[in-house]
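Here's coords.cif, which has mmCIF, C-alpha atoms:
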```cif
data_run
#
loop_
_atom_site.label_atom_id
_atom_site.label_comp_id
_atom_site.auth_asym_id
_atom_site.auth_seq_id
_atom_site.Cartn_x
_atom_site.Cartn_y
_atom_site.Cartn_z
CA MET Q 1 129.33 76.38 100.75
CA SER Q 2 130.16 74.81 97.38
CA ALA Q 3 127.82 74.87 94.40
CA THR Q 4 127.34 71.11 94.74
CA SER Q 5 126.34 71.47 98.39
CA ARG Q 6 123.85 74.19 97.54
CA VAL Q 7 122.24 72.05 94.85
CA SER Q 8 122.00 69.14 97.28
CA ALA Q 9 120.45 71.39 99.92
CA ILE Q 10 117.82 72.68 97.51
CA ALA Q 11 117.11 69.19 96.17
CA SER Q 12 116.58 67.84 99.69
CA GLN Q 13 113.95 70.52 100.31
CA LEU Q 14 112.11 69.50 97.14
CA ASP Q 15 112.21 65.72 97.64
CA PRO Q 16 109.25 64.39 99.67
CA ALA Q 17 111.18 61.25 100.57
CA SER Q 18 113.72 63.35 102.48
CA GLN Q 19 111.10 65.34 104.32
CA GLY Q 20 108.26 64.61 106.72
CA ARG Q 21 107.99 65.81 110.29
CA LYS Q 22 111.16 64.09 111.43
CA ALA Q 23 113.20 65.57 108.61
CA LEU Q 24 111.70 69.04 109.11
CA LEU Q 25 112.70 69.00 112.76
CA GLN Q 26 116.33 68.22 111.95
CA LYS Q 27 118.82 71.08 112.05
CA ASN Q 28 121.43 71.56 109.33
CA ASP Q 29 123.87 74.38 108.64
CA ASN Q 30 122.26 75.00 105.23
CA ASP Q 31 118.78 75.56 106.69
CA VAL Q 32 117.05 78.87 106.10
CA VAL Q 33 116.11 80.19 109.54
CA ILE Q 34 114.09 83.07 110.91
CA CYS Q 35 115.97 85.40 113.25
CA ALA Q 36 113.23 87.98 113.83
CA ALA Q 37 109.63 88.69 112.88
CA ALA Q 38 107.61 91.79 113.70
CA ARG Q 39 104.55 93.70 112.63
CA THR Q 40 102.95 97.04 113.23
CA PRO Q 41 99.53 97.19 114.77
CA PHE Q 42 96.81 96.76 112.14
CA THR Q 43 94.43 99.72 112.11
CA ARG Q 44 91.16 100.50 110.38
CA ALA Q 45 91.59 102.08 106.96
CA LYS Q 46 90.48 105.74 106.76
CA LYS Q 47 89.42 105.68 110.42
CA GLY Q 48 92.22 104.17 112.50
CA GLY Q 49 95.59 105.15 113.86
CA PHE Q 50 97.43 104.91 110.53
CA LYS Q 51 94.87 106.66 108.33
CA ASP Q 52 97.33 109.55 107.78
CA THR Q 53 100.53 107.46 107.84
CA CYS Q 54 102.48 106.79 104.65
CA PRO Q 55 103.32 103.14 103.88
CA GLU Q 56 107.05 103.93 103.83
CA ASP Q 57 106.84 105.00 107.49
CA LEU Q 58 105.25 101.67 108.37
CA LEU Q 59 108.02 99.86 106.51
CA VAL Q 60 110.73 101.82 108.31
CA ALA Q 61 109.21 100.73 111.63
CA VAL Q 62 109.25 97.00 110.85
CA PHE Q 63 112.64 97.14 109.09
CA LYS Q 64 114.22 98.69 112.19
CA ALA Q 65 112.38 96.29 114.48
CA VAL Q 66 113.66 93.08 112.88
CA VAL Q 67 117.22 94.40 112.71
CA GLU Q 68 117.15 95.45 116.36
CA ARG Q 69 115.46 92.26 117.56
CA SER Q 70 117.85 90.01 115.67
CA GLY Q 71 120.96 92.01 116.52
CA VAL Q 72 122.29 91.59 112.97
CA PRO Q 73 124.77 94.22 111.76
CA ILE Q 74 122.56 96.19 109.37
CA GLU Q 75 125.18 96.22 106.62
CA LEU Q 76 124.98 92.42 106.38
CA VAL Q 77 121.35 92.48 105.19
CA GLU Q 78 121.89 92.05 101.46
CA GLU Q 79 118.37 91.94 100.05
CA ILE Q 80 114.91 93.10 101.08
CA GLN Q 81 111.70 92.18 99.27
CA VAL Q 82 108.44 94.00 99.93
CA GLY Q 83 104.95 92.81 99.06
CA ASN Q 84 102.60 95.67 98.20
CA VAL Q 85 99.31 95.24 96.34
CA LEU Q 86 98.20 98.87 96.01
CA PRO Q 87 101.53 100.67 95.68
CA PRO Q 88 101.74 104.34 94.73
CA GLY Q 89 103.98 104.81 91.71
CA GLY Q 90 104.51 101.08 91.36
CA GLY Q 91 105.98 100.78 94.85
CA ALA Q 92 109.64 100.40 93.96
CA SER Q 93 110.74 103.94 94.84
CA VAL Q 94 108.76 104.08 98.09
CA ALA Q 95 110.20 100.75 99.28
CA ARG Q 96 113.74 101.83 98.41
CA MET Q 97 113.19 105.10 100.24
CA ALA Q 98 112.03 103.21 103.34
CA GLN Q 99 115.05 100.92 103.14
CA LEU Q 100 117.50 103.82 103.10
CA ALA Q 101 115.57 105.78 105.72
CA ALA Q 102 115.76 102.75 108.05
CA GLY Q 103 119.56 102.94 107.87
CA PHE Q 104 120.44 100.20 105.38
CA PRO Q 105 123.48 101.07 103.27
CA GLU Q 106 123.11 102.02 99.62
CA THR Q 107 124.83 98.73 98.73
CA SER Q 108 121.81 96.75 99.98
CA THR Q 109 119.12 95.93 97.41
CA ILE Q 110 115.35 95.82 97.28
CA LEU Q 111 112.51 94.39 95.22
CA THR Q 112 108.75 95.03 95.38
CA LEU Q 113 106.25 92.44 94.22
CA ASN Q 114 102.52 91.88 93.97
CA ARG Q 115 100.93 88.48 94.28
CA GLN Q 116 97.81 89.91 95.81
CA CYS Q 117 97.06 88.68 99.33
CA SER Q 118 100.03 86.30 99.41
CA SER Q 119 102.56 89.05 98.67
CA GLY Q 120 104.03 89.11 102.18
CA LEU Q 121 104.46 85.34 102.21
CA THR Q 122 105.88 85.36 98.68
CA THR Q 123 108.65 87.75 99.73
CA VAL Q 124 109.63 85.42 102.56
CA ASN Q 125 109.66 82.50 100.13
CA HIS Q 126 111.81 84.42 97.65
CA ILE Q 127 114.34 85.45 100.30
CA ALA Q 128 114.49 81.83 101.53
CA LEU Q 129 115.14 80.60 97.99
CA GLN Q 130 117.90 83.17 97.48
CA ILE Q 131 119.56 82.01 100.69
CA ALA Q 132 119.17 78.33 99.76
CA ALA Q 133 120.70 79.02 96.34
CA GLY Q 134 123.69 80.78 97.88
CA GLN Q 135 122.89 84.16 96.35
CA ILE Q 136 122.66 85.88 99.74
CA ASP Q 137 123.24 84.99 103.38
CA ILE Q 138 120.76 87.33 105.09
CA GLY Q 139 117.61 89.03 103.83
CA ILE Q 140 114.23 90.40 104.83
CA GLY Q 141 110.82 89.41 103.47
CA ALA Q 142 108.22 92.06 104.22
CA GLY Q 143 104.84 93.44 103.26
CA VAL Q 144 102.93 96.68 103.64
CA GLU Q 145 99.60 98.21 102.73
CA SER Q 146 97.99 101.56 103.30
CA MET Q 147 94.42 100.84 102.28
CA SER Q 148 93.60 104.32 103.56
CA MET Q 149 95.66 105.79 100.74
CA GLY Q 150 95.57 103.15 98.03
CA TYR Q 151 92.27 101.27 98.16
CA GLY Q 152 89.37 102.05 95.83
CA ALA Q 153 88.19 102.19 92.24
CA GLY Q 154 91.18 104.30 91.20
CA VAL Q 155 93.51 101.28 91.31
CA MET Q 156 91.85 99.69 88.26
CA PRO Q 157 93.17 100.34 84.73
CA GLU Q 158 91.21 102.87 82.69
CA LYS Q 159 91.14 100.57 79.66
CA MET Q 160 91.23 96.79 79.21
CA SER Q 161 91.51 94.57 76.16
CA ASP Q 162 88.16 93.53 74.68
CA SER Q 163 89.66 90.36 73.24
CA VAL Q 164 91.02 89.31 76.64
CA LEU Q 165 87.75 90.15 78.39
CA ALA Q 166 85.96 87.92 75.87
CA VAL Q 167 87.59 84.94 77.62
CA GLN Q 168 85.26 84.21 80.56
CA SER Q 169 87.92 83.08 83.04
CA ALA Q 170 89.93 86.22 82.27
CA ALA Q 171 86.87 88.41 82.79
CA ASP Q 172 86.20 86.61 86.07
CA CYS Q 173 89.45 88.07 87.42
CA LEU Q 174 87.58 91.38 87.67
CA LEU Q 175 84.76 90.06 89.83
CA PRO Q 176 84.39 91.88 93.16
CA MET Q 177 85.94 89.77 95.90
CA GLY Q 178 82.62 89.73 97.73
CA ILE Q 179 80.95 88.09 94.76
CA THR Q 180 83.61 85.38 94.72
CA SER Q 181 82.79 84.81 98.40
CA GLU Q 182 79.14 84.34 97.53
CA ASN Q 183 80.12 81.96 94.74
CA VAL Q 184 82.11 79.83 97.17
CA ALA Q 185 79.29 79.78 99.71
CA GLU Q 186 76.78 78.71 97.08
CA LYS Q 187 78.91 76.04 95.41
CA TYR Q 188 80.15 74.47 98.65
CA HIS Q 189 76.95 74.99 100.70
CA ILE Q 190 78.51 77.19 103.38
CA THR Q 191 75.50 78.57 105.24
CA ARG Q 192 75.12 82.11 106.58
CA GLU Q 193 74.90 80.68 110.10
CA LYS Q 194 78.17 78.81 109.73
CA GLN Q 195 79.91 81.91 108.33
CA ASP Q 196 78.66 84.13 111.15
CA ASP Q 197 79.64 81.55 113.76
CA PHE Q 198 83.18 81.37 112.36
CA ALA Q 199 83.46 85.17 112.20
CA ALA Q 200 82.17 85.66 115.74
CA LYS Q 201 84.72 83.19 117.07
CA SER Q 202 87.49 85.06 115.25
CA PHE Q 203 86.48 88.26 117.06
CA GLN Q 204 86.15 86.45 120.37
CA LYS Q 205 89.57 84.80 120.10
CA ALA Q 206 91.24 88.06 119.04
CA ALA Q 207 89.59 90.07 121.83
CA ALA Q 208 90.69 87.52 124.43
CA ALA Q 209 94.22 87.43 123.02
CA GLN Q 210 94.46 91.23 123.03
CA LYS Q 211 93.27 91.42 126.65
CA ALA Q 212 95.85 88.79 127.61
CA GLY Q 213 98.64 90.76 125.91
CA LYS Q 214 99.39 88.02 123.43
CA PHE Q 215 100.03 90.41 120.53
CA VAL Q 216 102.59 92.52 122.41
CA GLU Q 217 105.54 90.30 121.46
CA GLU Q 218 104.90 90.50 117.72
CA ILE Q 219 103.89 94.19 117.53
CA VAL Q 220 106.27 97.14 117.23
CA PRO Q 221 104.64 100.38 118.44
CA VAL Q 222 104.71 103.18 115.87
CA LYS Q 223 104.89 106.92 116.55
CA THR Q 224 102.87 108.82 113.97
CA LYS Q 225 100.56 111.78 113.48
CA VAL Q 226 96.79 111.68 113.14
CA THR Q 227 94.66 114.50 111.75
CA ASP Q 228 91.28 115.17 113.34
CA PRO Q 229 88.78 115.15 110.42
CA LYS Q 230 86.60 117.80 112.06
CA SER Q 231 89.10 120.32 113.41
CA GLY Q 232 92.00 119.57 111.10
CA ASP Q 233 94.33 119.50 114.10
CA GLU Q 234 97.31 117.16 113.87
CA VAL Q 235 98.19 115.15 116.96
CA GLU Q 236 101.22 112.94 117.58
CA VAL Q 237 100.29 109.49 118.86
CA THR Q 238 101.92 106.13 119.48
CA VAL Q 239 99.89 103.30 118.00
CA LYS Q 240 100.45 100.21 120.14
CA GLU Q 241 97.64 97.79 119.32
CA ASP Q 242 95.20 96.67 116.64
CA ASP Q 243 92.18 98.98 116.66
CA GLY Q 244 89.74 96.86 114.63
CA ILE Q 245 89.20 94.16 117.26
CA ARG Q 246 85.72 94.35 118.79
CA ASP Q 247 84.76 92.65 122.02
CA GLY Q 248 81.31 91.18 122.55
CA VAL Q 249 80.68 90.08 118.95
CA THR Q 250 78.37 87.06 118.73
CA LYS Q 251 76.86 84.94 116.01
CA GLU Q 252 73.53 86.51 116.88
CA SER Q 253 74.79 90.10 116.57
CA LEU Q 254 76.36 89.33 113.20
CA GLY Q 255 73.13 87.71 112.10
CA LYS Q 256 71.45 91.12 112.18
CA LEU Q 257 73.72 92.56 109.46
CA LYS Q 258 72.46 92.75 105.91
CA PRO Q 259 74.40 91.01 103.09
CA VAL Q 260 76.38 93.47 100.98
CA PHE Q 261 76.90 91.84 97.60
CA SER Q 262 73.64 89.97 97.03
CA LYS Q 263 70.20 90.34 98.61
CA THR Q 264 70.03 86.58 98.99
CA GLY Q 265 73.71 86.24 99.92
CA ALA Q 266 75.55 85.82 103.21
CA THR Q 267 78.69 87.96 102.99
CA HIS Q 268 78.64 91.18 105.00
CA ALA Q 269 80.98 93.54 106.84
CA GLY Q 270 81.08 91.33 109.91
CA ASN Q 271 82.14 88.06 108.28
CA ALA Q 272 84.69 89.48 105.83
CA SER Q 273 88.22 90.73 106.47
CA GLN Q 274 88.57 94.34 107.53
CA ILE Q 275 90.14 96.95 105.24
CA SER Q 276 93.26 97.92 107.14
CA ASP Q 277 96.66 99.60 107.24
CA GLY Q 278 99.83 97.90 108.46
CA ALA Q 279 103.21 96.30 107.75
CA ALA Q 280 105.16 93.21 108.77
CA ALA Q 281 108.68 91.87 108.21
CA VAL Q 282 110.63 88.63 108.68
CA LEU Q 283 114.44 88.49 108.81
CA LEU Q 284 115.94 85.26 107.47
CA ALA Q 285 119.48 83.87 107.31
CA ARG Q 286 121.42 80.72 106.56
CA ARG Q 287 121.70 78.77 109.81
CA SER Q 288 125.50 78.57 109.66
CA VAL Q 289 125.70 82.35 109.27
CA ALA Q 290 123.19 82.96 112.06
CA LYS Q 291 125.18 80.72 114.40
CA LYS Q 292 128.46 82.39 113.47
CA LEU Q 293 127.02 85.84 114.19
CA GLY Q 294 125.25 84.69 117.36
CA LEU Q 295 121.82 85.67 116.03
CA PRO Q 296 118.65 84.33 117.67
CA ILE Q 297 116.98 81.50 115.76
CA LEU Q 298 113.21 81.58 116.14
CA GLY Q 299 112.30 79.09 113.48
CA LYS Q 300 113.05 77.43 110.18
CA PHE Q 301 111.56 77.79 106.71
CA GLY Q 302 110.38 74.41 105.42
CA GLY Q 303 108.98 75.04 101.95
CA ALA Q 304 106.13 76.68 100.03
CA ALA Q 305 103.67 76.00 97.22
CA VAL Q 306 101.25 77.98 95.07
CA ALA Q 307 98.18 76.55 93.31
CA GLY Q 308 95.82 78.02 90.73
CA VAL Q 309 92.02 77.83 91.01
CA PRO Q 310 89.09 79.33 89.05
CA PRO Q 311 89.11 83.13 89.49
CA LYS Q 312 85.38 83.20 90.28
CA LEU Q 313 86.11 80.88 93.23
CA MET Q 314 89.40 82.47 94.23
CA GLY Q 315 88.74 81.94 97.95
CA ILE Q 316 89.20 78.17 97.73
CA GLY Q 317 92.94 78.63 97.07
CA PRO Q 318 94.14 77.24 100.44
CA ALA Q 319 92.19 74.01 99.88
CA PHE Q 320 94.43 73.35 96.87
CA ALA Q 321 97.72 74.99 97.88
CA ILE Q 322 97.93 73.16 101.21
CA PRO Q 323 97.73 69.60 99.75
CA LYS Q 324 100.31 70.61 97.14
CA LEU Q 325 102.62 71.81 99.90
CA MET Q 326 102.03 68.72 102.04
CA GLU Q 327 102.96 66.46 99.15
CA LYS Q 328 106.13 68.40 98.40
CA VAL Q 329 107.42 68.29 101.96
CA GLY Q 330 106.11 64.85 102.85
CA LEU Q 331 103.83 65.96 105.69
CA THR Q 332 100.32 64.98 106.65
CA ASN Q 333 97.80 67.48 107.99
CA GLU Q 334 97.83 65.62 111.30
CA GLU Q 335 101.54 66.41 111.74
CA VAL Q 336 100.91 70.16 111.71
CA ASP Q 337 100.46 71.72 115.16
CA LEU Q 338 99.04 75.11 114.18
CA TRP Q 339 97.44 76.63 111.09
CA GLU Q 340 97.29 80.29 110.12
CA ILE Q 341 94.70 80.48 107.33
CA ASN Q 342 93.84 83.99 106.23
CA GLU Q 343 90.24 84.96 106.78
CA ALA Q 344 89.57 86.92 103.60
CA PHE Q 345 85.96 85.82 104.00
CA ALA Q 346 84.37 83.40 106.42
CA SER Q 347 82.93 81.48 103.46
CA GLN Q 348 86.28 80.58 101.96
CA ALA Q 349 88.02 79.97 105.28
CA VAL Q 350 85.30 77.53 106.35
CA MET Q 351 85.38 75.83 102.96
CA SER Q 352 89.16 75.33 103.14
CA ILE Q 353 89.17 74.11 106.73
CA GLU Q 354 86.33 71.65 106.25
CA THR Q 355 87.51 70.39 102.87
CA LEU Q 356 90.92 69.58 104.34
CA LYS Q 357 89.37 68.22 107.56
CA ILE Q 358 91.55 70.45 109.75
CA PRO Q 359 90.38 70.67 113.39
CA TYR Q 360 88.99 74.16 113.99
CA GLU Q 361 90.83 74.40 117.30
CA LYS Q 362 94.15 74.32 115.45
CA VAL Q 363 93.25 77.23 113.14
CA ASN Q 364 93.91 80.89 113.95
CA PRO Q 365 93.94 80.41 117.74
CA VAL Q 366 94.23 84.16 118.38
CA GLY Q 367 91.76 85.19 115.68
CA GLY Q 368 92.37 86.31 112.14
CA ALA Q 369 91.78 88.94 109.49
CA ILE Q 370 88.04 89.16 110.14
CA ALA Q 371 88.86 90.40 113.64
CA PHE Q 372 91.95 92.55 113.22
CA GLY Q 373 92.29 93.28 109.55
CA HIS Q 374 93.95 92.35 106.29
CA PRO Q 375 96.38 94.93 104.90
CA LEU Q 376 96.79 93.04 101.63
CA GLY Q 377 100.57 93.08 101.17
CA ALA Q 378 101.36 92.61 104.85
CA THR Q 379 99.20 89.65 105.90
CA GLY Q 380 101.56 86.92 104.65
CA ALA Q 381 104.43 88.18 106.81
CA ARG Q 382 102.07 88.98 109.70
CA GLN Q 383 100.83 85.41 109.90
CA ILE Q 384 104.40 84.19 110.41
CA ALA Q 385 105.01 86.61 113.27
CA THR Q 386 101.70 85.66 114.88
CA ALA Q 387 102.27 81.91 114.53
CA LEU Q 388 105.82 82.07 115.91
CA ALA Q 389 104.61 83.90 119.00
CA GLU Q 390 101.75 81.45 119.54
CA CYS Q 391 103.96 78.39 119.02
CA LYS Q 392 106.46 79.78 121.53
CA ARG Q 393 103.73 80.17 124.15
CA ASN Q 394 102.41 76.64 123.66
CA GLY Q 395 105.54 74.67 122.79
CA GLN Q 396 104.24 73.80 119.32
CA LYS Q 397 106.65 72.92 116.54
CA ILE Q 398 105.23 72.86 113.00
CA PHE Q 399 102.91 75.48 111.58
CA VAL Q 400 101.49 76.25 108.17
CA SER Q 401 100.55 79.67 106.84
CA SER Q 402 98.11 79.88 103.92
CA MET Q 403 95.80 82.27 102.10
CA CYS Q 404 93.67 82.68 99.02
CA ILE Q 405 94.83 85.03 96.27
CA GLY Q 406 92.67 87.38 94.23
CA SER Q 407 92.38 86.37 90.53
CA GLY Q 408 92.34 82.69 91.48
CA MET Q 409 95.25 81.17 93.41
CA GLY Q 410 96.24 79.97 96.83
CA MET Q 411 99.59 79.82 98.65
CA ALA Q 412 100.86 77.85 101.62
CA ALA Q 413 104.19 77.55 103.43
CA VAL Q 414 105.43 75.43 106.31
CA PHE Q 415 107.71 76.50 109.15
CA VAL Q 416 109.27 74.97 112.26
CA ASN Q 417 109.28 76.80 115.58
CA GLU Q 418 112.65 76.49 117.38
CA GLN Q 419 112.03 78.73 120.39
#
```

Target encoding structure tokens, full file:
Amino acid sequence: MSATSRVSAIASQLDPASQGRKALLQKNDNDVVICAAARTPFTRAKKGGFKDTCPEDLLVAVFKAVVERSGVPIELVEEIQVGNVLPPGGGASVARMAQLAAGFPETSTILTLNRQCSSGLTTVNHIALQIAAGQIDIGIGAGVESMSMGYGAGVMPEKMSDSVLAVQSAADCLLPMGITSENVAEKYHITREKQDDFAAKSFQKAAAAQKAGKFVEEIVPVKTKVTDPKSGDEVEVTVKEDDGIRDGVTKESLGKLKPVFSKTGATHAGNASQISDGAAAVLLARRSVAKKLGLPILGKFGGAAVAGVPPKLMGIGPAFAIPKLMEKVGLTNEEVDLWEINEAFASQAVMSIETLKIPYEKVNPVGGAIAFGHPLGATGARQIATALAECKRNGQKIFVSSMCIGSGMGMAAVFVNEQ
């Protein structure tokens, strides 16, 4: 493809007049398409199946899965990007180690990044942009988090600038996420009852989906070792499903839990995302290259947007990122068939959904992070795998993935299902 053609392709993706549902559904050789998407099970941090598993092992599993599922010759994958929020040693070495251990040649390249909870979606966006610009033909956007090994007070810097902290909005970036949830609930009048009702339905949808086997298609089982905390014995296991999903959760049972961050607040362990371990990956290619190689085409990348919001209200990010995305691609909310909106907290998810007037039945139809966890770096890629599988089952076409971002942002991206 010539430089002029690449510029035209990129420009068409940025021009609202050329977009809209009809334009998104069109197929062109310069499209960025998804050839495979997979995730590990998500397990409870420090308690679940991956509590003793290194993040690089989780990455190896999803790297191998998307290569095998797509059938792409592994040497043709030019670039991998990995989202990781709590990376040991900065994350770069561990990600590179996983890449090489998965069988990619030394000539392939890798990048790690951290945009908080949107990291996994940001890597997919970056790979798509590299393909659209003609820098690469095939790449992988991925994310991983071991909150068993990386989560806690130790991730904060030992010293911070007094002059920077004197700026209130800068200092607000350090607020506990639970306090930002309470801030959102108070400002936007999201009641405890409404939060618990939303959370209970997330558990109920996820439990029903798990029983029906709906997560099997997106999950790659992982062989690992688990150490018994009492005996110290190490046992080899194969983790096949999310272990944080609880059946029988109701609004009434959640109503019995005490708020964690404020005595008069509403946020508690049952209506906030679970602390989890897991990884996910999405393999993307230029459509012309995918067709030439005979790779499966599951869907198409349609664009992305990021918006900034006050750090003390970080959870409202989707309510601002989604309209920005819709304007850029020329879509209306009514033209979207399915929404994956990360459930960092019930307060912020409810605020975003109701502010944008999105029908609840279109949001997270198989549950969300409240039910099965939120490994920070992995969620963005996980939501794509989940949405593709759900759209395939129901014949839906356009879906949007969105999430809030710690420190005060939101991200959203649109995709087309072609299965």

inquiry  = Can you tell me which residues surround Q:Val67 at a distance of at most 8 Å, considering all atoms listed in the file, apart from same-chain residues fewer than 6 positions away, and format the answer as a list in words?
reply    =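 Within the cut-off, the hits are Ala36, Pro73, Ile74 and Leu283 of chain Q.
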
note = Using only C-alpha atoms, the residue out of Q:Gln274, Q:Thr107, Q:Thr238, Q:Ser347 with shortest distance to Q:Ile179 is Q:Ser347

Top pick for closest residue to Q:Asp137, considering Q:Arg44, Q:Lys292, Q:Lys205, Q:Arg39 and counting all atoms listed in the file = Q:Lys292

inquiry  = For this structure, which residues satisfy the selection - the PyMOL selection byres ((chain Q and resi 143-154) around 9) - when it is evaluated on the file as given? I want them as JSON, numbers by chain.
reply    = {"Q": [44, 45, 46, 47, 50, 51, 52, 53, 54, 55, 56, 58, 59, 81, 82, 83, 84, 85, 86, 87, 88, 112, 119, 120, 121, 123, 141, 142, 155, 156, 157, 158, 275, 276, 277, 278, 279, 280, 281, 374, 375, 376, 377, 378, 379, 380, 381, 382]}

Could you write out that same residue set with C-alpha atoms as a compact mmCIF listing (two decimals), in the coordinates of the input?
```
# COMPACT_ATOMS: atom_id res chain seq x y z
CA ARG Q 44 91.16 100.50 110.38
CA ALA Q 45 91.59 102.08 106.96
CA LYS Q 46 90.48 105.74 106.76
CA LYS Q 47 89.42 105.68 110.42
CA PHE Q 50 97.43 104.91 110.53
CA LYS Q 51 94.87 106.66 108.33
CA ASP Q 52 97.33 109.55 107.78
CA THR Q 53 100.53 107.46 107.84
CA CYS Q 54 102.48 106.79 104.65
CA PRO Q 55 103.32 103.14 103.88
CA GLU Q 56 107.05 103.93 103.83
CA LEU Q 58 105.25 101.67 108.37
CA LEU Q 59 108.02 99.86 106.51
CA GLN Q 81 111.70 92.18 99.27
CA VAL Q 82 108.44 94.00 99.93
CA GLY Q 83 104.95 92.81 99.06
CA ASN Q 84 102.60 95.67 98.20
CA VAL Q 85 99.31 95.24 96.34
CA LEU Q 86 98.20 98.87 96.01
CA PRO Q 87 101.53 100.67 95.68
CA PRO Q 88 101.74 104.34 94.73
CA THR Q 112 108.75 95.03 95.38
CA SER Q 119 102.56 89.05 98.67
CA GLY Q 120 104.03 89.11 102.18
CA LEU Q 121 104.46 85.34 102.21
CA THR Q 123 108.65 87.75 99.73
CA GLY Q 141 110.82 89.41 103.47
CA ALA Q 142 108.22 92.06 104.22
CA VAL Q 155 93.51 101.28 91.31
CA MET Q 156 91.85 99.69 88.26
CA PRO Q 157 93.17 100.34 84.73
CA GLU Q 158 91.21 102.87 82.69
CA ILE Q 275 90.14 96.95 105.24
CA SER Q 276 93.26 97.92 107.14
CA ASP Q 277 96.66 99.60 107.24
CA GLY Q 278 99.83 97.90 108.46
CA ALA Q 279 103.21 96.30 107.75
CA ALA Q 280 105.16 93.21 108.77
CA ALA Q 281 108.68 91.87 108.21
CA HIS Q 374 93.95 92.35 106.29
CA PRO Q 375 96.38 94.93 104.90
CA LEU Q 376 96.79 93.04 101.63
CA GLY Q 377 100.57 93.08 101.17
CA ALA Q 378 101.36 92.61 104.85
CA THR Q 379 99.20 89.65 105.90
CA GLY Q 380 101.56 86.92 104.65
CA ALA Q 381 104.43 88.18 106.81
CA ARG Q 382 102.07 88.98 109.70
```

query = Which residues come within 6 Å of Q:Ile138, counting all atoms listed in the file, excluding same-chain residues fewer than 6 positions away, as number ranges by chain?
reply = Q: 77, 284-285

Which residues would end up in the selection if the PyMOL selection byres ((chain Q and resi 289) around 10) were applied here, given that I need the answer as a tab-separated table (two decimals) with C-alpha atoms, in the frame of the given file?
```
chain	number	residue	atom	x	y	z
Q	29	ASP	CA	123.87	74.38	108.64
Q	30	ASN	CA	122.26	75.00	105.23
Q	32	VAL	CA	117.05	78.87	106.10
Q	33	VAL	CA	116.11	80.19	109.54
Q	137	ASP	CA	123.24	84.99	103.38
Q	138	ILE	CA	120.76	87.33	105.09
Q	285	ALA	CA	119.48	83.87	107.31
Q	286	ARG	CA	121.42	80.72	106.56
Q	287	ARG	CA	121.70	78.77	109.81
Q	288	SER	CA	125.50	78.57	109.66
Q	290	ALA	CA	123.19	82.96	112.06
Q	291	LYS	CA	125.18	80.72	114.40
Q	292	LYS	CA	128.46	82.39	113.47
Q	293	LEU	CA	127.02	85.84	114.19
Q	294	GLY	CA	125.25	84.69	117.36
Q	295	LEU	CA	121.82	85.67	116.03
```

message = At a cut-off of 7 Å, using only C-alpha atoms, what residues contact Q:Ala38? Leave out same-chain residues fewer than 5 positions from it and give the result as a PyMOL selection string.
response = chain Q and resi 62+65-66+218-220+280-282+385

Take every atom of stretch 101-108 of chain Q listed in the file, pad by 3 Å on each side, and give me the axis-aligned box centre and edge lengths in Å, one decimal, as AutoDock Vina command-line options.
```
--center_x 120.2 --center_y 101.3 --center_z 103.4 --size_x 15.3 --size_y 15.0 --size_z 15.3
```

query = Counting all atoms listed in the file, which of Q:Ala346, Q:Met177, Q:Leu254, Q:Ala101 gets nearest to Q:Ile190?
reply =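 Going through Q:Ala346, Q:Met177, Q:Leu254, Q:Ala101 one by one, the smallest distance to Q:Ile190 is for Q:Ala346.
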
Applied to the shown file, which residues does the PyMOL selection byres ((chain Q and resi 364-371) around 8) return, written as an mmCIF file with C-alpha atoms, keeping the file's coordinate frame?
```cif
data_model
loop_
_atom_site.group_PDB
_atom_site.id
_atom_site.type_symbol
_atom_site.label_atom_id
_atom_site.label_comp_id
_atom_site.auth_asym_id
_atom_site.auth_seq_id
_atom_site.Cartn_x
_atom_site.Cartn_y
_atom_site.Cartn_z
ATOM 1 C CA ALA Q 199 83.460 85.170 112.200
ATOM 2 C CA LYS Q 201 84.720 83.190 117.070
ATOM 3 C CA SER Q 202 87.490 85.060 115.250
ATOM 4 C CA PHE Q 203 86.480 88.260 117.060
ATOM 5 C CA GLN Q 204 86.150 86.450 120.370
ATOM 6 C CA LYS Q 205 89.570 84.800 120.100
ATOM 7 C CA ALA Q 206 91.240 88.060 119.040
ATOM 8 C CA ALA Q 208 90.690 87.520 124.430
ATOM 9 C CA ALA Q 209 94.220 87.430 123.020
ATOM 10 C CA GLY Q 244 89.740 96.860 114.630
ATOM 11 C CA ILE Q 245 89.200 94.160 117.260
ATOM 12 C CA ARG Q 246 85.720 94.350 118.790
ATOM 13 C CA GLY Q 270 81.080 91.330 109.910
ATOM 14 C CA ASN Q 271 82.140 88.060 108.280
ATOM 15 C CA ALA Q 272 84.690 89.480 105.830
ATOM 16 C CA SER Q 273 88.220 90.730 106.470
ATOM 17 C CA GLN Q 274 88.570 94.340 107.530
ATOM 18 C CA LEU Q 338 99.040 75.110 114.180
ATOM 19 C CA TRP Q 339 97.440 76.630 111.090
ATOM 20 C CA GLU Q 340 97.290 80.290 110.120
ATOM 21 C CA ILE Q 341 94.700 80.480 107.330
ATOM 22 C CA ASN Q 342 93.840 83.990 106.230
ATOM 23 C CA GLU Q 343 90.240 84.960 106.780
ATOM 24 C CA ALA Q 344 89.570 86.920 103.600
ATOM 25 C CA PHE Q 345 85.960 85.820 104.000
ATOM 26 C CA ALA Q 346 84.370 83.400 106.420
ATOM 27 C CA GLU Q 361 90.830 74.400 117.300
ATOM 28 C CA LYS Q 362 94.150 74.320 115.450
ATOM 29 C CA VAL Q 363 93.250 77.230 113.140
ATOM 30 C CA PHE Q 372 91.950 92.550 113.220
ATOM 31 C CA GLY Q 373 92.290 93.280 109.550
ATOM 32 C CA HIS Q 374 93.950 92.350 106.290
#
```
